[in-house]
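Q: My file is query_4.csv. It has CSV, N, CA and C atoms and all ligand atoms:
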chain,number,residue,atom,x,y,z
A,1,MET,N,12.2,3.6,-13.4
A,1,MET,CA,11.2,4.2,-12.6
A,1,MET,C,10.5,3.1,-11.8
A,2,ALA,N,10.4,3.3,-10.4
A,2,ALA,CA,9.8,2.3,-9.6
A,2,ALA,C,8.3,2.1,-9.9
A,3,LEU,N,7.9,0.8,-9.8
A,3,LEU,CA,6.5,0.4,-10.1
A,3,LEU,C,5.8,0.3,-8.8
A,4,ILE,N,4.6,1.0,-8.6
A,4,ILE,CA,3.8,0.9,-7.5
A,4,ILE,C,2.5,0.2,-7.8
A,5,LEU,N,2.1,-0.8,-7.0
A,5,LEU,CA,0.7,-1.3,-7.2
A,5,LEU,C,-0.2,-0.6,-6.2
A,6,LEU,N,-1.2,0.0,-6.7
A,6,LEU,CA,-2.2,0.7,-5.9
A,6,LEU,C,-3.4,-0.2,-5.8
A,7,VAL,N,-3.7,-0.6,-4.5
A,7,VAL,CA,-4.9,-1.5,-4.3
A,7,VAL,C,-5.9,-0.6,-3.6
A,8,GLU,N,-7.0,-0.2,-4.3
A,8,GLU,CA,-8.0,0.7,-3.8
A,8,GLU,C,-9.3,0.5,-4.5
A,9,ASP,N,-10.4,0.3,-3.8
A,9,ASP,CA,-11.7,0.0,-4.4
A,9,ASP,C,-12.4,1.2,-4.8
A,10,HIS,N,-12.1,2.4,-4.1
A,10,HIS,CA,-12.9,3.6,-4.4
A,10,HIS,C,-12.4,4.4,-5.6
A,11,PRO,N,-13.2,4.6,-6.6
A,11,PRO,CA,-12.7,5.2,-7.8
A,11,PRO,C,-12.1,6.6,-7.6
A,12,MET,N,-12.7,7.4,-6.8
A,12,MET,CA,-12.2,8.8,-6.6
A,12,MET,C,-10.9,8.8,-5.8
A,13,ASN,N,-10.8,7.9,-4.8
A,13,ASN,CA,-9.5,7.8,-4.1
A,13,ASN,C,-8.4,7.3,-5.0
A,14,ARG,N,-8.8,6.3,-5.8
A,14,ARG,CA,-7.8,5.7,-6.7
A,14,ARG,C,-7.3,6.8,-7.7
A,15,LYS,N,-8.1,7.6,-8.2
A,15,LYS,CA,-7.7,8.6,-9.1
A,15,LYS,C,-6.8,9.7,-8.4
A,16,LEU,N,-7.2,10.1,-7.2
A,16,LEU,CA,-6.5,11.0,-6.4
A,16,LEU,C,-5.1,10.6,-6.2
A,17,VAL,N,-5.0,9.3,-5.7
A,17,VAL,CA,-3.6,8.8,-5.3
A,17,VAL,C,-2.8,8.5,-6.6
A,18,ARG,N,-3.4,8.0,-7.6
A,18,ARG,CA,-2.7,7.8,-8.9
A,18,ARG,C,-2.1,9.1,-9.4
A,19,ASP,N,-2.9,10.1,-9.4
A,19,ASP,CA,-2.5,11.4,-9.9
A,19,ASP,C,-1.2,11.9,-9.2
A,20,ILE,N,-1.2,11.7,-7.9
A,20,ILE,CA,0.0,12.1,-7.2
A,20,ILE,C,1.2,11.2,-7.5
A,21,LEU,N,1.0,9.9,-7.4
A,21,LEU,CA,2.0,8.9,-7.6
A,21,LEU,C,2.7,9.0,-9.0
A,22,GLN,N,1.9,9.4,-10.0
A,22,GLN,CA,2.4,9.4,-11.3
A,22,GLN,C,3.4,10.5,-11.6
A,23,PHE,N,3.6,11.5,-10.6
A,23,PHE,CA,4.7,12.4,-10.7
A,23,PHE,C,6.0,11.7,-10.7
A,24,GLN,N,6.1,10.6,-10.0
A,24,GLN,CA,7.4,10.0,-9.7
A,24,GLN,C,7.5,8.5,-10.0
A,25,PHE,N,6.3,7.9,-10.1
A,25,PHE,CA,6.3,6.4,-10.2
A,25,PHE,C,5.5,5.9,-11.4
A,26,GLU,N,5.8,4.7,-11.8
A,26,GLU,CA,4.8,4.0,-12.7
A,26,GLU,C,3.8,3.4,-11.7
A,27,VAL,N,2.5,3.4,-12.1
A,27,VAL,CA,1.4,3.0,-11.2
A,27,VAL,C,0.6,2.0,-12.0
A,28,ASN,N,0.4,0.8,-11.3
A,28,ASN,CA,-0.6,-0.1,-11.7
A,28,ASN,C,-1.7,-0.2,-10.6
A,29,GLU,N,-2.9,-0.6,-11.0
A,29,GLU,CA,-4.0,-0.5,-10.0
A,29,GLU,C,-4.8,-1.9,-10.0
A,30,SER,N,-5.2,-2.2,-8.8
A,30,SER,CA,-6.2,-3.3,-8.6
A,30,SER,C,-7.3,-2.7,-7.7
A,31,VAL,N,-8.5,-3.2,-8.0
A,31,VAL,CA,-9.7,-2.7,-7.2
A,31,VAL,C,-10.1,-3.6,-6.1
A,32,SER,N,-9.4,-4.7,-5.9
A,32,SER,CA,-9.7,-5.6,-4.8
A,32,SER,C,-8.5,-6.5,-4.5
A,33,ALA,N,-8.5,-7.1,-3.3
A,33,ALA,CA,-7.5,-8.0,-3.0
A,33,ALA,C,-7.3,-9.2,-3.9
A,34,GLU,N,-8.5,-9.7,-4.4
A,34,GLU,CA,-8.5,-10.8,-5.3
A,34,GLU,C,-7.8,-10.4,-6.6
A,35,GLU,N,-8.1,-9.2,-7.1
A,35,GLU,CA,-7.5,-8.7,-8.4
A,35,GLU,C,-6.0,-8.5,-8.2
A,36,ALA,N,-5.6,-8.0,-7.0
A,36,ALA,CA,-4.2,-7.8,-6.7
A,36,ALA,C,-3.5,-9.2,-6.7
A,37,LEU,N,-4.0,-10.2,-6.1
A,37,LEU,CA,-3.4,-11.5,-6.1
A,37,LEU,C,-3.2,-12.0,-7.5
A,38,HIS,N,-4.2,-11.8,-8.3
A,38,HIS,CA,-4.1,-12.3,-9.7
A,38,HIS,C,-3.0,-11.5,-10.4
A,39,TYR,N,-2.9,-10.2,-10.2
A,39,TYR,CA,-1.9,-9.3,-10.8
A,39,TYR,C,-0.5,-9.8,-10.4
A,40,LEU,N,-0.4,-10.1,-9.1
A,40,LEU,CA,0.9,-10.5,-8.5
A,40,LEU,C,1.5,-11.8,-9.0
A,41,GLU,N,0.6,-12.6,-9.7
A,41,GLU,CA,1.1,-13.8,-10.3
A,41,GLU,C,2.0,-13.6,-11.4
A,42,SER,N,1.9,-12.4,-12.0
A,42,SER,CA,2.7,-12.1,-13.2
A,42,SER,C,3.4,-10.8,-13.2
A,43,HIS,N,3.3,-10.0,-12.0
A,43,HIS,CA,4.0,-8.8,-11.9
A,43,HIS,C,4.7,-8.7,-10.6
A,44,ARG,N,5.8,-7.9,-10.5
A,44,ARG,CA,6.5,-7.7,-9.3
A,44,ARG,C,6.7,-6.2,-9.0
A,45,PRO,N,5.7,-5.6,-8.3
A,45,PRO,CA,5.9,-4.1,-8.0
A,45,PRO,C,6.9,-3.9,-7.0
A,46,ASP,N,7.5,-2.7,-7.0
A,46,ASP,CA,8.5,-2.4,-6.0
A,46,ASP,C,7.9,-2.0,-4.6
A,47,LEU,N,6.6,-1.7,-4.7
A,47,LEU,CA,5.9,-1.3,-3.4
A,47,LEU,C,4.4,-1.5,-3.7
A,48,ILE,N,3.7,-1.8,-2.6
A,48,ILE,CA,2.2,-1.9,-2.7
A,48,ILE,C,1.6,-0.8,-1.8
A,49,LEU,N,0.7,0.0,-2.3
A,49,LEU,CA,0.0,0.9,-1.5
A,49,LEU,C,-1.4,0.3,-1.3
A,50,MET,N,-1.7,-0.1,-0.1
A,50,MET,CA,-2.8,-1.0,0.2
A,50,MET,C,-3.9,-0.3,1.0
A,51,ASP,N,-5.1,-0.1,0.3
A,51,ASP,CA,-6.3,0.3,1.1
A,51,ASP,C,-6.6,-0.8,2.0
A,52,ILE,N,-6.9,-0.5,3.3
A,52,ILE,CA,-7.2,-1.5,4.3
A,52,ILE,C,-8.7,-2.0,4.1
A,53,GLN,N,-9.6,-1.1,3.9
A,53,GLN,CA,-11.0,-1.4,3.7
A,53,GLN,C,-11.3,-1.8,2.3
A,54,LEU,N,-11.4,-3.1,2.0
A,54,LEU,CA,-11.7,-3.5,0.7
A,54,LEU,C,-12.9,-4.5,0.8
A,55,PRO,N,-13.7,-4.6,-0.2
A,55,PRO,CA,-14.8,-5.6,-0.3
A,55,PRO,C,-14.1,-6.9,-0.4
A,56,GLY,N,-14.8,-8.0,0.1
A,56,GLY,CA,-14.1,-9.3,0.0
A,56,GLY,C,-13.0,-9.4,1.0
A,57,MET,N,-11.9,-9.9,0.6
A,57,MET,CA,-10.7,-10.0,1.4
A,57,MET,C,-10.2,-8.6,1.7
A,58,ASP,N,-9.9,-8.2,3.0
A,58,ASP,CA,-9.5,-6.8,3.2
A,58,ASP,C,-8.0,-6.7,3.1
A,59,GLY,N,-7.6,-5.4,3.2
A,59,GLY,CA,-6.1,-5.1,3.0
A,59,GLY,C,-5.2,-5.7,4.1
A,60,LEU,N,-5.7,-5.9,5.3
A,60,LEU,CA,-4.9,-6.6,6.3
A,60,LEU,C,-4.7,-8.0,6.0
A,61,ALA,N,-5.8,-8.7,5.6
A,61,ALA,CA,-5.7,-10.1,5.3
A,61,ALA,C,-4.7,-10.3,4.1
A,62,LEU,N,-4.8,-9.4,3.1
A,62,LEU,CA,-4.0,-9.5,1.9
A,62,LEU,C,-2.5,-9.3,2.3
A,63,THR,N,-2.3,-8.3,3.2
A,63,THR,CA,-0.9,-8.0,3.6
A,63,THR,C,-0.3,-9.2,4.3
A,64,ARG,N,-1.1,-9.8,5.3
A,64,ARG,CA,-0.6,-11.0,6.0
A,64,ARG,C,-0.2,-12.1,5.0
A,65,ARG,N,-1.1,-12.3,4.1
A,65,ARG,CA,-0.9,-13.3,3.1
A,65,ARG,C,0.4,-13.1,2.3
A,66,LEU,N,0.6,-11.9,1.8
A,66,LEU,CA,1.8,-11.5,1.0
A,66,LEU,C,3.0,-11.6,1.8
A,67,LYS,N,2.9,-11.3,3.1
A,67,LYS,CA,4.1,-11.3,4.0
A,67,LYS,C,4.5,-12.8,4.3
A,68,ALA,N,3.5,-13.7,4.3
A,68,ALA,CA,3.7,-15.1,4.6
A,68,ALA,C,4.2,-15.8,3.4
A,69,ASP,N,4.2,-15.2,2.2
A,69,ASP,CA,4.6,-15.9,1.0
A,69,ASP,C,6.0,-15.4,0.7
A,70,PRO,N,7.0,-16.4,0.6
A,70,PRO,CA,8.4,-16.0,0.3
A,70,PRO,C,8.5,-15.3,-1.0
A,71,VAL,N,7.6,-15.5,-1.9
A,71,VAL,CA,7.7,-14.8,-3.2
A,71,VAL,C,7.5,-13.3,-3.1
A,72,THR,N,6.6,-12.9,-2.2
A,72,THR,CA,6.1,-11.5,-2.1
A,72,THR,C,6.5,-10.8,-0.8
A,73,THR,N,7.1,-11.6,0.1
A,73,THR,CA,7.4,-11.0,1.5
A,73,THR,C,8.3,-9.8,1.5
A,74,ASP,N,9.2,-9.7,0.4
A,74,ASP,CA,10.1,-8.5,0.4
A,74,ASP,C,9.5,-7.3,-0.2
A,75,ILE,N,8.3,-7.3,-0.7
A,75,ILE,CA,7.7,-6.1,-1.3
A,75,ILE,C,7.1,-5.3,-0.2
A,76,PRO,N,7.7,-4.0,0.0
A,76,PRO,CA,7.1,-3.2,1.1
A,76,PRO,C,5.7,-2.8,0.8
A,77,ILE,N,4.9,-2.9,1.9
A,77,ILE,CA,3.4,-2.5,1.8
A,77,ILE,C,3.2,-1.3,2.7
A,78,VAL,N,2.5,-0.3,2.1
A,78,VAL,CA,2.1,0.8,2.9
A,78,VAL,C,0.6,0.8,3.0
A,79,GLY,N,0.1,0.8,4.2
A,79,GLY,CA,-1.4,0.8,4.5
A,79,GLY,C,-2.0,2.2,4.2
A,80,LEU,N,-3.2,2.2,3.7
A,80,LEU,CA,-3.9,3.4,3.4
A,80,LEU,C,-5.3,3.2,4.0
A,81,SER,N,-5.7,4.1,4.9
A,81,SER,CA,-7.0,3.9,5.5
A,81,SER,C,-7.6,5.2,6.0
A,82,ALA,N,-8.9,5.2,6.1
A,82,ALA,CA,-9.6,6.4,6.7
A,82,ALA,C,-9.6,6.2,8.2
A,83,HIS,N,-9.2,5.1,8.8
A,83,HIS,CA,-9.2,4.8,10.2
A,83,HIS,C,-7.9,5.3,10.8
A,84,ALA,N,-8.0,6.3,11.7
A,84,ALA,CA,-6.7,6.9,12.2
A,84,ALA,C,-6.4,6.6,13.7
A,85,MET,N,-7.2,5.6,14.3
A,85,MET,CA,-6.9,5.2,15.7
A,85,MET,C,-5.6,4.5,15.8
A,86,GLN,N,-4.9,4.6,16.9
A,86,GLN,CA,-3.7,3.9,17.2
A,86,GLN,C,-3.8,2.4,17.0
A,87,ARG,N,-5.0,1.9,17.4
A,87,ARG,CA,-5.3,0.4,17.2
A,87,ARG,C,-5.2,0.0,15.8
A,88,ASP,N,-5.8,0.8,14.9
A,88,ASP,CA,-5.8,0.5,13.4
A,88,ASP,C,-4.3,0.5,12.9
A,89,ILE,N,-3.6,1.5,13.4
A,89,ILE,CA,-2.2,1.6,12.9
A,89,ILE,C,-1.4,0.4,13.4
A,90,ASP,N,-1.6,0.0,14.7
A,90,ASP,CA,-0.9,-1.2,15.3
A,90,ASP,C,-1.3,-2.4,14.5
A,91,LEU,N,-2.5,-2.6,14.1
A,91,LEU,CA,-3.0,-3.8,13.4
A,91,LEU,C,-2.3,-3.9,12.0
A,92,ALA,N,-2.2,-2.7,11.4
A,92,ALA,CA,-1.5,-2.7,10.1
A,92,ALA,C,0.0,-3.0,10.2
A,93,ARG,N,0.6,-2.5,11.2
A,93,ARG,CA,2.1,-2.8,11.4
A,93,ARG,C,2.2,-4.3,11.7
A,94,GLU,N,1.3,-4.8,12.6
A,94,GLU,CA,1.4,-6.3,12.9
A,94,GLU,C,1.2,-7.1,11.7
A,95,ALA,N,0.4,-6.7,10.8
A,95,ALA,CA,0.1,-7.4,9.5
A,95,ALA,C,1.3,-7.4,8.6
A,96,GLY,N,2.2,-6.3,8.8
A,96,GLY,CA,3.4,-6.3,8.0
A,96,GLY,C,3.6,-5.0,7.2
A,97,CYS,N,2.7,-4.0,7.4
A,97,CYS,CA,2.8,-2.7,6.7
A,97,CYS,C,4.1,-2.0,7.2
A,98,VAL,N,4.9,-1.4,6.3
A,98,VAL,CA,6.0,-0.6,6.8
A,98,VAL,C,5.6,0.8,7.1
A,99,ASP,N,4.5,1.3,6.6
A,99,ASP,CA,4.0,2.6,6.9
A,99,ASP,C,2.5,2.6,6.8
A,100,TYR,N,1.9,3.6,7.3
A,100,TYR,CA,0.4,3.7,7.3
A,100,TYR,C,0.0,5.1,7.1
A,101,ILE,N,-0.7,5.4,6.0
A,101,ILE,CA,-1.1,6.7,5.7
A,101,ILE,C,-2.6,6.8,5.8
A,102,THR,N,-3.1,7.9,6.5
A,102,THR,CA,-4.6,8.0,6.7
A,102,THR,C,-5.2,8.9,5.6
A,103,LYS,N,-6.4,8.5,5.2
A,103,LYS,CA,-7.2,9.2,4.2
A,103,LYS,C,-8.2,10.1,5.0
A,104,PRO,N,-8.5,11.3,4.5
A,104,PRO,CA,-8.0,11.9,3.3
A,104,PRO,C,-6.5,12.3,3.4
A,105,ILE,N,-5.8,12.2,2.3
A,105,ILE,CA,-4.4,12.6,2.3
A,105,ILE,C,-4.3,14.1,2.5
A,106,THR,N,-3.7,14.4,3.6
A,106,THR,CA,-3.6,15.9,3.9
A,106,THR,C,-2.2,16.4,3.7
A,107,ASP,N,-1.2,15.4,3.5
A,107,ASP,CA,0.1,15.8,3.2
A,107,ASP,C,0.1,16.5,1.8
A,108,ASP,N,1.0,17.5,1.6
A,108,ASP,CA,1.1,18.0,0.3
A,108,ASP,C,1.7,16.9,-0.6
A,109,PRO,N,1.5,16.9,-1.9
A,109,PRO,CA,1.9,15.8,-2.8
A,109,PRO,C,3.3,15.4,-2.7
A,110,PHE,N,4.2,16.4,-2.5
A,110,PHE,CA,5.6,16.1,-2.5
A,110,PHE,C,6.0,15.4,-1.1
A,111,THR,N,5.4,15.8,-0.1
A,111,THR,CA,5.6,15.1,1.2
A,111,THR,C,5.1,13.6,1.1
A,112,PHE,N,3.9,13.5,0.5
A,112,PHE,CA,3.4,12.1,0.3
A,112,PHE,C,4.3,11.3,-0.6
A,113,LEU,N,4.9,11.9,-1.6
A,113,LEU,CA,5.8,11.1,-2.5
A,113,LEU,C,7.1,10.8,-1.8
A,114,GLU,N,7.5,11.7,-0.9
A,114,GLU,CA,8.7,11.4,-0.1
A,114,GLU,C,8.5,10.3,0.8
A,115,ARG,N,7.3,10.2,1.4
A,115,ARG,CA,7.0,9.1,2.3
A,115,ARG,C,7.0,7.8,1.6
A,116,ILE,N,6.4,7.8,0.4
A,116,ILE,CA,6.4,6.5,-0.4
A,116,ILE,C,7.9,6.1,-0.7
A,117,ALA,N,8.7,7.1,-1.2
A,117,ALA,CA,10.1,6.8,-1.5
A,117,ALA,C,10.8,6.3,-0.3
A,118,HIS,N,10.5,6.8,0.8
A,118,HIS,CA,11.2,6.3,2.1
A,118,HIS,C,10.8,4.8,2.3
A,119,SER,N,9.6,4.5,2.1
A,119,SER,CA,9.1,3.1,2.3
A,119,SER,C,9.7,2.2,1.3
A,120,LEU,N,9.9,2.7,0.1
A,120,LEU,CA,10.5,1.9,-1.0
A,120,LEU,C,11.9,1.4,-0.6
A,121,ALA,N,12.6,2.3,0.2
A,121,ALA,CA,14.0,1.9,0.6
A,121,ALA,C,14.1,1.1,1.8
A,122,ALA,N,12.9,0.9,2.5
A,122,ALA,CA,12.9,0.3,3.8
A,122,ALA,C,13.0,-1.2,3.7
A,123,PRO,N,13.7,-1.9,4.6
A,123,PRO,CA,13.7,-3.4,4.6
A,123,PRO,C,12.2,-3.8,4.9
A,124,ALA,N,11.8,-4.9,4.1
A,124,ALA,CA,10.3,-5.2,4.2
A,124,ALA,C,10.0,-6.6,4.6
A,125,GLY,N,11.0,-7.4,5.0
A,125,GLY,CA,10.8,-8.8,5.4
A,125,GLY,C,10.0,-8.8,6.6
A,126,PRO,N,9.5,-10.0,7.0
A,126,PRO,CA,8.7,-10.2,8.2
A,126,PRO,C,9.5,-9.8,9.5
A,127,ASP,N,10.8,-10.1,9.5
A,127,ASP,CA,11.6,-9.8,10.7
A,127,ASP,C,11.8,-8.3,10.8
A,128,ALA,N,11.9,-7.6,9.7
A,128,ALA,CA,12.1,-6.2,9.7
A,128,ALA,C,10.8,-5.5,10.2
A,129,ALA,N,9.7,-6.0,9.8
A,129,ALA,CA,8.4,-5.5,10.2
A,129,ALA,C,8.2,-5.7,11.8
A,130,ALA,N,8.6,-6.9,12.2
A,130,ALA,CA,8.4,-7.2,13.6
A,130,ALA,C,9.3,-6.4,14.5
A,131,SER,N,10.5,-6.0,14.0
A,131,SER,CA,11.5,-5.3,14.9
A,131,SER,C,11.3,-3.8,14.8
A,132,ARG,N,10.4,-3.3,13.9
A,132,ARG,CA,10.2,-1.9,13.8
A,132,ARG,C,9.3,-1.4,15.0
A,133,PRO,N,9.7,-0.2,15.6
A,133,PRO,CA,8.9,0.2,16.7
A,133,PRO,C,7.4,0.6,16.3
B,201,MN,MN,-11.8,1.0,0.5
Go ahead and express the file in the form of structure tokens.
Ligand code: MN

A:
Amino acid sequence: MALILLVEDHPMNRKLVRDILQFQFEVNESVSAEEALHYLESHRPDLILMDIQLPGMDGLALTRRLKADPVTTDIPIVGLSAHAMQRDIDLAREAGCVDYITKPITDDPFTFLERIAHSLAAPAGPDAAASRP
């Protein structure tokens, strides 16, 4: 079973997303970028679902950092944010996110899971992110 790291500071959002992901994936959670970095020193998730708005280091900064590190660059990262403007989506893609899901999650749970499964299979290196439309 694929392991997903969910980085999300808001307890309600964390529970909502976890409850959906658990249908199909093993889920570990971090409440901040700093906690995620600590977690990643000893774990290798198959995908990271990354809230963009985090206290302290935000999700974009953490994504850039993980993409710049050869140890973590291949882990696909899916952005998660309440901001739905094209500019926000572009920033997430530029940082290295393979997909970007807006909150609240309006997809039905199985569409959401399918989307995550699709990103799990996507090439996730920096070149792959740069060449994606
Ligand atoms: Mn947040």

Q: Between atom N of Ala117 (chain A) and atom C of Pro55 (chain A), measure the distance and give it in Å to one decimal.

A: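 Going from atom N of Ala117 (chain A) over to atom C of Pro55 (chain A), I get 26.8 Å.
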
Q: Restricting the calculation to only C-alpha atoms: of A:Thr72, A:Thr63, A:Ser119, A:Gln22, which residue gets closest to His43 (chain A)?

A: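 Result for the nearest residue to His43 (chain A): A:Thr72.
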
Q: Have a look at atom MN of ligand MN 201 (chain B) and CA of Ser81 (chain A) and let me know their distance in Å, one decimal.

A: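 According to the coordinates, atom MN of ligand MN 201 (chain B) and CA of Ser81 (chain A) are separated by 7.5 Å.
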
Q: Could you tell me how far atom C of Gln86 (chain A) sits from atom C of Val31 (chain A), in Å to one decimal place?

A: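 Atom-to-atom, atom C of Val31 (chain A) and atom C of Gln86 (chain A) are spaced 24.7 Å apart.
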
Q: Please, which residues have at least one atom within 6 Å of an atom of ligand MN 201 (chain B), using all atoms listed in the file, listed as an MDAnalysis selection string?

A: chainID A and resid 8:10 51:55

Q: Report, as JSON, the centre and edge lengths in Å (one decimal) of the axis-aligned box enclosing every listed atom of region 114-117 of chain A, padded by 8 Å on each side.

A:
{"center_x": 8.6, "center_y": 8.9, "center_z": 0.4, "size_x": 20.4, "size_y": 21.6, "size_z": 19.8}

Q: Please identify the alpha helix (DSSP H) residues within chain A (assignment by DSSP from backbone atoms) and present them as JSON, numbers by chain.

A: {"A": [11, 12, 13, 14, 15, 16, 17, 18, 19, 20, 21, 33, 34, 35, 36, 37, 38, 39, 40, 59, 60, 61, 62, 63, 64, 65, 66, 67, 68, 86, 87, 88, 89, 90, 91, 92, 93, 94, 95, 109, 110, 111, 112, 113, 114, 115, 116, 117, 118, 119, 120, 126, 127, 128, 129, 130, 131]}

Q: Ranking A:Leu62, A:Met12, A:Ile75, A:Met50 by minimum distance to His38 (chain A) and counting only C-alpha atoms, which one comes first?

A: A:Leu62

Q: Nearest to Asp99 (chain A) among A:Asp69, A:Phe25, A:Leu47, A:Asp58, with distances taken over only C-alpha atoms: which residue is it?

A: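 The answer is A:Leu47, which sits nearest to Asp99 (chain A).
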
Q: Mind checking which residues fall within 8 Å of Pro76 (chain A), counting only N, CA and C atoms, ignoring those fewer than 5 positions away in the same chain, and posting them as an MDAnalysis selection string?

A: chainID A and resid 45:50 96:99 119:125

Q: Which is closer to Arg93 (chain A) than all the others in A:Thr106, A:Leu66, A:Ser32, A:Gly79, using all atoms listed in the file?

A: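 Residue with the minimum atom-to-atom distance to Arg93 (chain A): A:Gly79.
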
Q: Could you give me, as a list in words, the residues within 9 Å of Asn13 (chain A), counting only C-alpha atoms and dropping anything in the same chain fewer than 5 positions from it?

A: Glu8, Arg18, Lys103 and Pro104 of chain A

Q: In terms of the shortest atom-to-atom distance over only C-alpha atoms, which of A:Phe23, A:Asp74, A:Glu34, A:Arg14 is closest to Phe110 (chain A)?

A: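 For Phe110 (chain A), the nearest of the candidates is A:Phe23.
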
Q: Taking only N, CA and C atoms into account, name the residue in A:Met1, A:Lys15, A:Ile77, A:Leu21 that is nearest to Leu113 (chain A).

A: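 Distance minimum relative to Leu113 (chain A) lands on A:Leu21.
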
Q: Step one, run DSSP on the backbone; step two, keep only residues of chain A assigned to strand (DSSP E or B); then write them as a ChimeraX atom specification.

A: /A:3-7,26-30,47-51,77-81,99-102
